[in-house]
file target_35.pdb (PDB, C-alpha atoms)
MODEL        1
ATOM      1  CA  MET A   1       1.667  54.207  60.847
ATOM      2  CA  THR A   2       4.506  55.501  63.019
ATOM      3  CA  ASP A   3       5.693  59.103  62.849
ATOM      4  CA  PRO A   4       8.173  59.235  59.928
ATOM      5  CA  ASP A   5      10.232  62.139  61.342
ATOM      6  CA  PRO A   6      12.626  60.111  63.570
ATOM      7  CA  VAL A   7      13.164  57.695  60.682
ATOM      8  CA  PHE A   8      14.118  60.422  58.221
ATOM      9  CA  ASP A   9      16.317  62.069  60.874
ATOM     10  CA  ALA A  10      18.028  58.749  61.525
ATOM     11  CA  LEU A  11      18.606  58.181  57.806
ATOM     12  CA  ALA A  12      20.016  61.674  57.256
ATOM     13  CA  ASP A  13      23.466  60.587  58.480
ATOM     14  CA  PRO A  14      25.779  58.523  56.231
ATOM     15  CA  THR A  15      27.313  56.572  59.136
ATOM     16  CA  ARG A  16      23.883  55.571  60.393
ATOM     17  CA  ARG A  17      22.966  54.430  56.882
ATOM     18  CA  ALA A  18      26.193  52.399  56.868
ATOM     19  CA  VAL A  19      25.220  50.823  60.208
ATOM     20  CA  ILE A  20      21.810  49.845  58.775
ATOM     21  CA  ARG A  21      23.466  48.513  55.636
ATOM     22  CA  ALA A  22      25.897  46.416  57.705
ATOM     23  CA  LEU A  23      23.139  44.994  59.910
ATOM     24  CA  ALA A  24      20.960  44.259  56.857
ATOM     25  CA  ASP A  25      23.861  42.523  55.079
ATOM     26  CA  VAL A  26      25.457  40.468  57.875
ATOM     27  CA  GLY A  27      22.567  40.136  60.322
ATOM     28  CA  PRO A  28      22.638  40.684  64.093
ATOM     29  CA  SER A  29      25.977  42.177  65.199
ATOM     30  CA  THR A  30      27.648  43.436  68.342
ATOM     31  CA  LEU A  31      29.065  46.919  68.821
ATOM     32  CA  ALA A  32      32.543  45.417  68.332
ATOM     33  CA  ASP A  33      31.490  43.753  65.048
ATOM     34  CA  LEU A  34      30.111  47.017  63.727
ATOM     35  CA  THR A  35      33.144  49.030  64.799
ATOM     36  CA  ARG A  36      35.400  46.657  62.827
ATOM     37  CA  GLN A  37      33.334  47.267  59.677
ATOM     38  CA  LEU A  38      32.971  51.024  59.912
ATOM     39  CA  PRO A  39      35.595  53.777  59.666
ATOM     40  CA  VAL A  40      34.493  55.447  62.925
ATOM     41  CA  THR A  41      35.208  54.963  66.628
ATOM     42  CA  ARG A  42      33.364  52.585  68.906
ATOM     43  CA  GLN A  43      31.906  55.587  70.766
ATOM     44  CA  ALA A  44      30.560  57.045  67.542
ATOM     45  CA  VAL A  45      28.938  53.746  66.522
ATOM     46  CA  ALA A  46      27.385  53.451  70.012
ATOM     47  CA  LYS A  47      25.950  56.950  69.686
ATOM     48  CA  HIS A  48      24.488  56.201  66.252
ATOM     49  CA  LEU A  49      22.962  52.967  67.542
ATOM     50  CA  VAL A  50      21.045  54.961  70.153
ATOM     51  CA  VAL A  51      19.527  57.200  67.461
ATOM     52  CA  LEU A  52      18.675  54.182  65.305
ATOM     53  CA  GLN A  53      17.029  52.411  68.250
ATOM     54  CA  ASP A  54      15.004  55.540  69.076
ATOM     55  CA  ALA A  55      13.758  55.577  65.460
ATOM     56  CA  GLY A  56      12.788  51.901  65.768
ATOM     57  CA  LEU A  57      15.195  50.887  62.992
ATOM     58  CA  VAL A  58      17.459  48.823  65.232
ATOM     59  CA  ALA A  59      16.705  46.631  68.248
ATOM     60  CA  GLY A  60      19.289  45.584  70.863
ATOM     61  CA  GLU A  61      19.083  42.262  72.668
ATOM     62  CA  GLY A  62      21.038  40.722  75.525
ATOM     63  CA  PRO A  63      23.247  42.107  78.343
ATOM     64  CA  VAL A  64      25.067  45.380  77.682
ATOM     65  CA  ARG A  65      28.366  43.583  77.152
ATOM     66  CA  GLY A  66      28.091  41.624  73.913
ATOM     67  CA  ARG A  67      24.616  43.012  73.148
ATOM     68  CA  ARG A  68      23.487  42.065  69.651
ATOM     69  CA  TYR A  69      21.866  44.632  67.430
ATOM     70  CA  THR A  70      19.338  43.723  64.740
ATOM     71  CA  PHE A  71      17.922  45.743  61.853
ATOM     72  CA  THR A  72      14.126  46.142  62.282
ATOM     73  CA  PRO A  73      12.851  47.443  58.920
ATOM     74  CA  GLN A  74       9.163  48.131  59.681
ATOM     75  CA  PRO A  75       9.575  51.918  60.252
ATOM     76  CA  LEU A  76      11.327  52.056  56.885
ATOM     77  CA  SER A  77       8.227  50.614  55.184
ATOM     78  CA  ASP A  78       6.072  53.167  56.986
ATOM     79  CA  ALA A  79       8.362  55.989  55.837
ATOM     80  CA  MET A  80       8.202  54.641  52.279
ATOM     81  CA  SER A  81       4.395  54.540  52.422
ATOM     82  CA  TRP A  82       4.482  58.138  53.538
ATOM     83  CA  MET A  83       6.623  59.052  50.521
ATOM     84  CA  VAL A  84       4.348  57.125  48.171
ATOM     85  CA  GLU A  85       1.316  58.972  49.558
ATOM     86  CA  VAL A  86       2.922  62.358  49.135
ATOM     87  CA  GLY A  87       4.095  61.459  45.632
ATOM     88  CA  ALA A  88       0.551  60.429  44.794
ATOM     89  CA  GLY A  89      -0.944  63.799  45.783
ATOM     90  CA  TRP A  90      -3.205  65.689  43.380
ATOM     91  CA  ASP A  91      -0.600  68.260  42.381
ATOM     92  CA  GLU A  92       1.854  65.526  41.421
ATOM     93  CA  ARG A  93      -0.900  63.765  39.480
ATOM     94  CA  LEU A  94      -1.808  66.946  37.610
ATOM     95  CA  ALA A  95       1.848  67.582  36.804
ATOM     96  CA  ARG A  96       2.147  64.054  35.387
ATOM     97  CA  LEU A  97      -1.100  64.500  33.420
ATOM     98  CA  LYS A  98       0.253  67.716  31.901
ATOM     99  CA  ARG A  99       3.498  66.030  30.815
ATOM    100  CA  GLN A 100       1.582  63.047  29.452
ATOM    101  CA  VAL A 101      -0.963  65.078  27.430
ATOM    102  CA  GLU A 102       1.535  67.611  26.078
ATOM    103  CA  ARG A 103       3.877  64.844  24.963
ATOM    104  CA  ALA A 104       1.067  63.031  23.107
TER     105      ALA A 104
ATOM    106  CA  MET B   1     -11.001  66.452  55.433
ATOM    107  CA  THR B   2     -11.660  69.852  53.901
ATOM    108  CA  ALA B   3     -12.142  70.547  50.206
ATOM    109  CA  GLU B   4      -8.942  70.360  48.251
ATOM    110  CA  ILE B   5      -8.759  72.233  44.970
ATOM    111  CA  HIS B   6      -5.909  71.689  42.546
ATOM    112  CA  GLU B   7      -5.524  73.309  39.137
ATOM    113  CA  GLN B   8      -3.262  72.909  36.160
ATOM    114  CA  THR B   9      -3.350  74.422  32.676
ATOM    115  CA  ILE B  10      -2.565  71.968  29.915
ATOM    116  CA  GLU B  11      -1.671  72.997  26.374
ATOM    117  CA  ALA B  12      -4.212  70.794  24.612
ATOM    118  CA  PRO B  13      -7.952  71.023  23.874
ATOM    119  CA  PRO B  14     -10.435  69.550  26.431
ATOM    120  CA  ASP B  15     -11.320  66.673  24.074
ATOM    121  CA  ASP B  16      -7.690  65.496  24.134
ATOM    122  CA  VAL B  17      -7.393  65.839  27.911
ATOM    123  CA  TRP B  18     -10.686  63.972  28.362
ATOM    124  CA  GLY B  19      -9.183  60.940  26.676
ATOM    125  CA  PHE B  20      -6.675  60.706  29.516
ATOM    126  CA  MET B  21      -9.499  60.655  32.077
ATOM    127  CA  VAL B  22     -11.527  57.823  30.634
ATOM    128  CA  ASP B  23      -8.876  55.460  29.302
ATOM    129  CA  PRO B  24      -7.787  53.208  32.208
ATOM    130  CA  ALA B  25      -4.238  52.788  30.849
ATOM    131  CA  ALA B  26      -3.672  56.543  30.450
ATOM    132  CA  LEU B  27      -5.402  57.222  33.763
ATOM    133  CA  SER B  28      -3.130  54.712  35.533
ATOM    134  CA  VAL B  29      -0.022  56.523  34.340
ATOM    135  CA  TRP B  30      -0.875  60.024  35.518
ATOM    136  CA  PHE B  31      -2.634  58.778  38.637
ATOM    137  CA  GLY B  32       0.314  56.701  39.770
ATOM    138  CA  ALA B  33      -1.955  53.735  40.474
ATOM    139  CA  ASP B  34      -3.370  50.731  38.696
ATOM    140  CA  ALA B  35      -6.656  52.352  37.678
ATOM    141  CA  TRP B  36      -9.990  51.106  36.390
ATOM    142  CA  LEU B  37     -12.827  53.494  35.550
ATOM    143  CA  GLU B  38     -16.109  52.914  33.717
ATOM    144  CA  PRO B  39     -17.016  56.364  32.337
ATOM    145  CA  GLU B  40     -20.783  56.164  32.862
ATOM    146  CA  THR B  41     -23.100  56.966  35.767
ATOM    147  CA  ASP B  42     -22.853  54.203  38.402
ATOM    148  CA  GLY B  43     -19.780  52.835  36.647
ATOM    149  CA  ARG B  44     -17.078  51.320  38.849
ATOM    150  CA  VAL B  45     -13.824  53.056  39.762
ATOM    151  CA  SER B  46     -10.903  51.345  41.395
ATOM    152  CA  PHE B  47      -7.331  52.440  42.058
ATOM    153  CA  ARG B  48      -4.603  50.193  43.432
ATOM    154  CA  PHE B  49      -1.639  52.191  44.720
ATOM    155  CA  ALA B  50       2.013  51.220  44.984
ATOM    156  CA  ASP B  51       1.773  50.922  48.790
ATOM    157  CA  GLY B  52      -0.890  48.214  48.392
ATOM    158  CA  SER B  53      -3.838  50.354  49.395
ATOM    159  CA  VAL B  54      -6.933  50.339  47.204
ATOM    160  CA  ARG B  55      -9.554  53.025  46.630
ATOM    161  CA  ARG B  56     -12.881  51.947  45.192
ATOM    162  CA  GLY B  57     -16.122  53.673  44.389
ATOM    163  CA  VAL B  58     -18.695  54.644  41.784
ATOM    164  CA  VAL B  59     -18.913  57.227  39.041
ATOM    165  CA  GLU B  60     -21.580  59.806  39.796
ATOM    166  CA  GLN B  61     -21.491  62.179  36.853
ATOM    167  CA  VAL B  62     -20.036  62.122  33.350
ATOM    168  CA  GLU B  63     -20.188  65.100  31.005
ATOM    169  CA  ARG B  64     -17.939  64.333  28.097
ATOM    170  CA  SER B  65     -14.941  66.676  27.846
ATOM    171  CA  ARG B  66     -16.302  68.779  30.700
ATOM    172  CA  ARG B  67     -16.763  66.982  33.982
ATOM    173  CA  LEU B  68     -16.203  63.671  35.705
ATOM    174  CA  THR B  69     -17.246  62.966  39.291
ATOM    175  CA  TRP B  70     -16.807  59.872  41.408
ATOM    176  CA  ARG B  71     -17.154  58.838  45.015
ATOM    177  CA  TRP B  72     -14.526  56.618  46.546
ATOM    178  CA  ARG B  73     -13.128  55.318  49.811
ATOM    179  CA  GLU B  74      -9.989  53.563  50.883
ATOM    180  CA  HIS B  75      -9.953  49.797  51.462
ATOM    181  CA  ARG B  76      -6.859  48.595  53.275
ATOM    182  CA  GLY B  77      -6.192  44.954  54.137
ATOM    183  CA  ALA B  78      -8.618  42.076  53.611
ATOM    184  CA  GLY B  79     -11.039  39.861  55.520
ATOM    185  CA  PHE B  80     -11.265  40.612  59.251
ATOM    186  CA  SER B  81      -8.463  43.139  59.074
ATOM    187  CA  LEU B  82     -10.165  45.170  56.339
ATOM    188  CA  GLU B  83     -10.181  48.871  57.154
ATOM    189  CA  VAL B  84     -12.441  51.148  55.201
ATOM    190  CA  GLY B  85     -11.756  54.869  55.131
ATOM    191  CA  ASP B  86     -14.120  57.832  54.871
ATOM    192  CA  ALA B  87     -15.815  58.411  51.545
ATOM    193  CA  SER B  88     -14.901  61.453  49.522
ATOM    194  CA  ARG B  89     -15.996  62.884  46.207
ATOM    195  CA  VAL B  90     -13.565  63.715  43.426
ATOM    196  CA  THR B  91     -14.623  66.147  40.711
ATOM    197  CA  ILE B  92     -12.492  66.746  37.648
ATOM    198  CA  GLU B  93     -13.542  69.747  35.572
ATOM    199  CA  LEU B  94     -12.114  70.679  32.190
ATOM    200  CA  GLU B  95     -12.514  74.282  31.140
ATOM    201  CA  PRO B  96     -11.421  75.556  27.728
ATOM    202  CA  VAL B  97      -9.003  78.499  28.084
ATOM    203  CA  ALA B  98      -6.993  80.537  25.577
ATOM    204  CA  ASP B  99      -3.913  78.306  25.685
ATOM    205  CA  GLY B 100      -5.604  74.948  26.181
ATOM    206  CA  THR B 101      -7.516  73.429  29.068
ATOM    207  CA  LEU B 102      -7.725  74.368  32.721
ATOM    208  CA  VAL B 103      -8.031  71.144  34.692
ATOM    209  CA  ARG B 104      -9.507  71.580  38.148
ATOM    210  CA  ILE B 105      -9.628  68.681  40.596
ATOM    211  CA  THR B 106     -11.653  69.051  43.778
ATOM    212  CA  GLU B 107     -11.800  66.451  46.527
ATOM    213  CA  THR B 108     -14.402  66.944  49.237
ATOM    214  CA  PRO B 109     -15.697  64.702  52.019
ATOM    215  CA  ALA B 110     -18.794  62.822  50.862
ATOM    216  CA  ILE B 111     -21.281  62.673  53.727
ATOM    217  CA  ALA B 112     -24.150  60.180  53.972
ATOM    218  CA  ALA B 113     -26.528  62.428  51.985
ATOM    219  CA  SER B 114     -25.517  60.975  48.615
ATOM    220  CA  ARG B 115     -27.041  57.766  47.343
ATOM    221  CA  GLY B 116     -25.680  54.281  47.940
ATOM    222  CA  ALA B 117     -22.436  53.216  49.584
ATOM    223  CA  ALA B 118     -19.372  53.373  47.405
TER     224      ALA B 118
ENDMDL
END

call {"tool": "encode", "arguments": {"input": "target_35.pdb", "output": "structure tokens"}}
result
Amino acid sequence: MTDPDPVFDALADPTRRAVIRALADVGPSTLADLTRQLPVTRQAVAKHLVVLQDAGLVAGEGPVRGRRYTFTPQPLSDAMSWMVEVGAGWDERLARLKRQVERA
Amino acid sequence: MTAEIHEQTIEAPPDDVWGFMVDPAALSVWFGADAWLEPETDGRVSFRFADGSVRRGVVEQVERSRRLTWRWREHRGAGFSLEVGDASRVTIELEPVADGTLVRITETPAIAASRGAA
């Protein structure tokens, strides 16, 4: 499993989440495509794409001009597994057991 | 892995809490996994978690309303890609206290010394 930190850092920004959402919805897009869909400048989108690529959430393909960016969701699954594991820790289980027994 | 000890006081007698240990449906809910447990020595235990991983093993000790111990290990994937994790031992102890039951869960690495592979 990859380190979840860069993924959570990447997801902490609403514009970056919007970029992921756009790529997931419309498929591979260029910087120009993304800039048209988002309420931020081309420079800002380019900057966010770098962070997303570093986190492994987005892959760029082709020459710099007209490069197409694709959403690569695997690190997201790894981050979700991490959350599931933490949520399944003993303290969480005991807390659920307490609620369950005391409600019975 | 070092020993992990977790405690929680529950406002109910040990007999009531015990029911939640040995009933697979109740166990599944608080465990957060699809659980199966045969509450007898050498009984099977199996937990399937939401991320697809599975932990399987055997029950080692059952003392009604007092103690339940099993050995388990993680099984991830299938066939040639099956990965099996290190075995550990889980002990759940129920201790009557003034306001109910103290539940203590200890998970320790289970080294080769114990009988049979889980």

call {"tool": "resolve_selection", "arguments": {"input": "target_35.pdb", "expression": "the PyMOL selection byres ((chain B and resi 71) around 10)", "output": "ChimeraX atom specification"}}
result
/B:42,44-45,55-61,69-70,72-73,87-91,107-110,114,117-118

call {"tool": "atom_distance", "arguments": {"input": "target_35.pdb", "atom1": "CA of Val40 (chain A)", "atom2": "CA of Gln74 (chain A)"}}
result
26.6 Å

call {"tool": "interface_residues", "arguments": {"input": "target_35.pdb", "of": "chain A", "to": "chain B", "cutoff": "6 Å", "atoms": "only C-alpha atoms", "output": "list in words"}}
result
Ser81, Arg93, Arg96, Leu97 and Lys98 of chain A

call {"tool": "atom_distance", "arguments": {"input": "target_35.pdb", "atom1": "CA of Asp9 (chain A)", "atom2": "CA of Leu34 (chain A)"}}
result
20.6 Å

call {"tool": "residues_near_point", "arguments": {"input": "target_35.pdb", "point": "(13.3, 59.7, 55.2)", "cutoff": "12 Å", "atoms": "all atoms listed in the file", "output": "list of chain:residue names"}}
result
A:Asp3, A:Pro4, A:Asp5, A:Pro6, A:Val7, A:Phe8, A:Asp9, A:Ala10, A:Leu11, A:Ala12, A:Asp13, A:Arg17, A:Ala55, A:Leu57, A:Pro75, A:Leu76, A:Ser77, A:Asp78, A:Ala79, A:Met80, A:Ser81, A:Trp82, A:Met83, A:Val84

call {"tool": "resolve_selection", "arguments": {"input": "target_35.pdb", "expression": "the PyMOL selection byres ((chain A and resi 61) around 12)", "output": "PyMOL selection string"}}
result
chain A and resi 28-31+53+58-60+62-71

call {"tool": "atom_distance", "arguments": {"input": "target_35.pdb", "atom1": "CA of Ser28 (chain B)", "atom2": "CA of Ser81 (chain B)"}}
result
26.8 Å

call {"tool": "closest_residue", "arguments": {"input": "target_35.pdb", "among": "B:Ile92, B:Phe47, B:Ala3, B:Ala25", "to": "Val62 (chain B)", "atoms": "only C-alpha atoms"}}
result
B:Ile92

call {"tool": "resolve_selection", "arguments": {"input": "target_35.pdb", "expression": "the PyMOL selection byres ((chain B and resi 75) around 7)", "output": "list of chain:residue names"}}
result
B:Ser53, B:Val54, B:Arg55, B:Arg73, B:Glu74, B:Arg76, B:Gly77, B:Leu82, B:Glu83, B:Val84, B:Gly85

call {"tool": "axis_aligned_box", "arguments": {"input": "target_35.pdb", "around": "region 26-41 of chain B", "padding_each_side": "6 Å", "output": "AutoDock Vina command-line options"}}
result
--center_x -11.4 --center_y 55.4 --center_z 35.5 --size_x 35.4 --size_y 21.3 --size_z 22.0

call {"tool": "residues_near_point", "arguments": {"input": "target_35.pdb", "point": "(-12.9, 74.8, 29.0)", "cutoff": "10 Å", "atoms": "all atoms listed in the file", "output": "list in words"}}
result
Pro13, Pro14, Asp15, Ser65, Arg66, Glu93, Leu94, Glu95, Pro96, Val97, Ala98, Gly100, Thr101, Leu102 and Val103 of chain B

call {"tool": "write_last_selection", "arguments": {"input": "target_35.pdb", "atoms": "C-alpha atoms", "output": "PDB file, in the frame of the given file"}}
result
ATOM      1  CA  PRO B  13      -7.952  71.023  23.874  1.00  0.00           C
ATOM      2  CA  PRO B  14     -10.435  69.550  26.431  1.00  0.00           C
ATOM      3  CA  ASP B  15     -11.320  66.673  24.074  1.00  0.00           C
ATOM      4  CA  SER B  65     -14.941  66.676  27.846  1.00  0.00           C
ATOM      5  CA  ARG B  66     -16.302  68.779  30.700  1.00  0.00           C
ATOM      6  CA  GLU B  93     -13.542  69.747  35.572  1.00  0.00           C
ATOM      7  CA  LEU B  94     -12.114  70.679  32.190  1.00  0.00           C
ATOM      8  CA  GLU B  95     -12.514  74.282  31.140  1.00  0.00           C
ATOM      9  CA  PRO B  96     -11.421  75.556  27.728  1.00  0.00           C
ATOM     10  CA  VAL B  97      -9.003  78.499  28.084  1.00  0.00           C
ATOM     11  CA  ALA B  98      -6.993  80.537  25.577  1.00  0.00           C
ATOM     12  CA  GLY B 100      -5.604  74.948  26.181  1.00  0.00           C
ATOM     13  CA  THR B 101      -7.516  73.429  29.068  1.00  0.00           C
ATOM     14  CA  LEU B 102      -7.725  74.368  32.721  1.00  0.00           C
ATOM     15  CA  VAL B 103      -8.031  71.144  34.692  1.00  0.00           C
TER      16      VAL B 103
END

call {"tool": "build_atoms", "arguments": {"input": "target_35.pdb", "residues": "region 84-104 of chain B", "atoms": "N, CA and C atoms", "output": "tab-separated table (two decimals), in the frame of the given file"}}
result
chain	number	residue	atom	x	y	z
B	84	VAL	N	-11.84	50.34	56.25
B	84	VAL	CA	-12.44	51.15	55.20
B	84	VAL	C	-12.42	52.61	55.64
B	85	GLY	N	-11.89	53.46	54.78
B	85	GLY	CA	-11.76	54.87	55.13
B	85	GLY	C	-13.03	55.66	54.87
B	86	ASP	N	-12.97	56.96	55.11
B	86	ASP	CA	-14.12	57.83	54.87
B	86	ASP	C	-14.29	58.07	53.38
B	87	ALA	N	-15.55	58.17	52.96
B	87	ALA	CA	-15.82	58.41	51.54
B	87	ALA	C	-15.54	59.87	51.19
B	88	SER	N	-15.03	60.08	50.00
B	88	SER	CA	-14.90	61.45	49.52
B	88	SER	C	-15.32	61.49	48.06
B	89	ARG	N	-15.55	62.70	47.58
B	89	ARG	CA	-16.00	62.88	46.21
B	89	ARG	C	-14.90	63.62	45.44
B	90	VAL	N	-14.58	63.10	44.28
B	90	VAL	CA	-13.56	63.72	43.43
B	90	VAL	C	-14.26	64.26	42.18
B	91	THR	N	-14.05	65.54	41.91
B	91	THR	CA	-14.62	66.15	40.71
B	91	THR	C	-13.49	66.66	39.85
B	92	ILE	N	-13.48	66.24	38.60
B	92	ILE	CA	-12.49	66.75	37.65
B	92	ILE	C	-13.25	67.58	36.63
B	93	GLU	N	-12.88	68.85	36.53
B	93	GLU	CA	-13.54	69.75	35.57
B	93	GLU	C	-12.54	70.21	34.53
B	94	LEU	N	-12.96	70.20	33.28
B	94	LEU	CA	-12.11	70.68	32.19
B	94	LEU	C	-12.76	71.94	31.63
B	95	GLU	N	-11.97	73.01	31.61
B	95	GLU	CA	-12.51	74.28	31.14
B	95	GLU	C	-11.64	74.80	30.00
B	96	PRO	N	-12.25	75.05	28.83
B	96	PRO	CA	-11.42	75.56	27.73
B	96	PRO	C	-10.90	76.95	28.06
B	97	VAL	N	-9.60	77.17	27.88
B	97	VAL	CA	-9.00	78.50	28.08
B	97	VAL	C	-8.17	78.82	26.85
B	98	ALA	N	-7.70	80.06	26.78
B	98	ALA	CA	-6.99	80.54	25.58
B	98	ALA	C	-5.89	79.58	25.14
B	99	ASP	N	-5.05	79.12	26.09
B	99	ASP	CA	-3.91	78.31	25.68
B	99	ASP	C	-4.12	76.81	25.94
B	100	GLY	N	-5.37	76.38	26.03
B	100	GLY	CA	-5.60	74.95	26.18
B	100	GLY	C	-6.76	74.64	27.10
B	101	THR	N	-6.46	73.88	28.15
B	101	THR	CA	-7.52	73.43	29.07
B	101	THR	C	-7.08	73.67	30.51
B	102	LEU	N	-7.98	74.26	31.29
B	102	LEU	CA	-7.72	74.37	32.72
B	102	LEU	C	-8.36	73.13	33.36
B	103	VAL	N	-7.53	72.33	34.01
B	103	VAL	CA	-8.03	71.14	34.69
B	103	VAL	C	-8.13	71.48	36.17
B	104	ARG	N	-9.32	71.29	36.73
B	104	ARG	CA	-9.51	71.58	38.15
B	104	ARG	C	-9.98	70.30	38.84
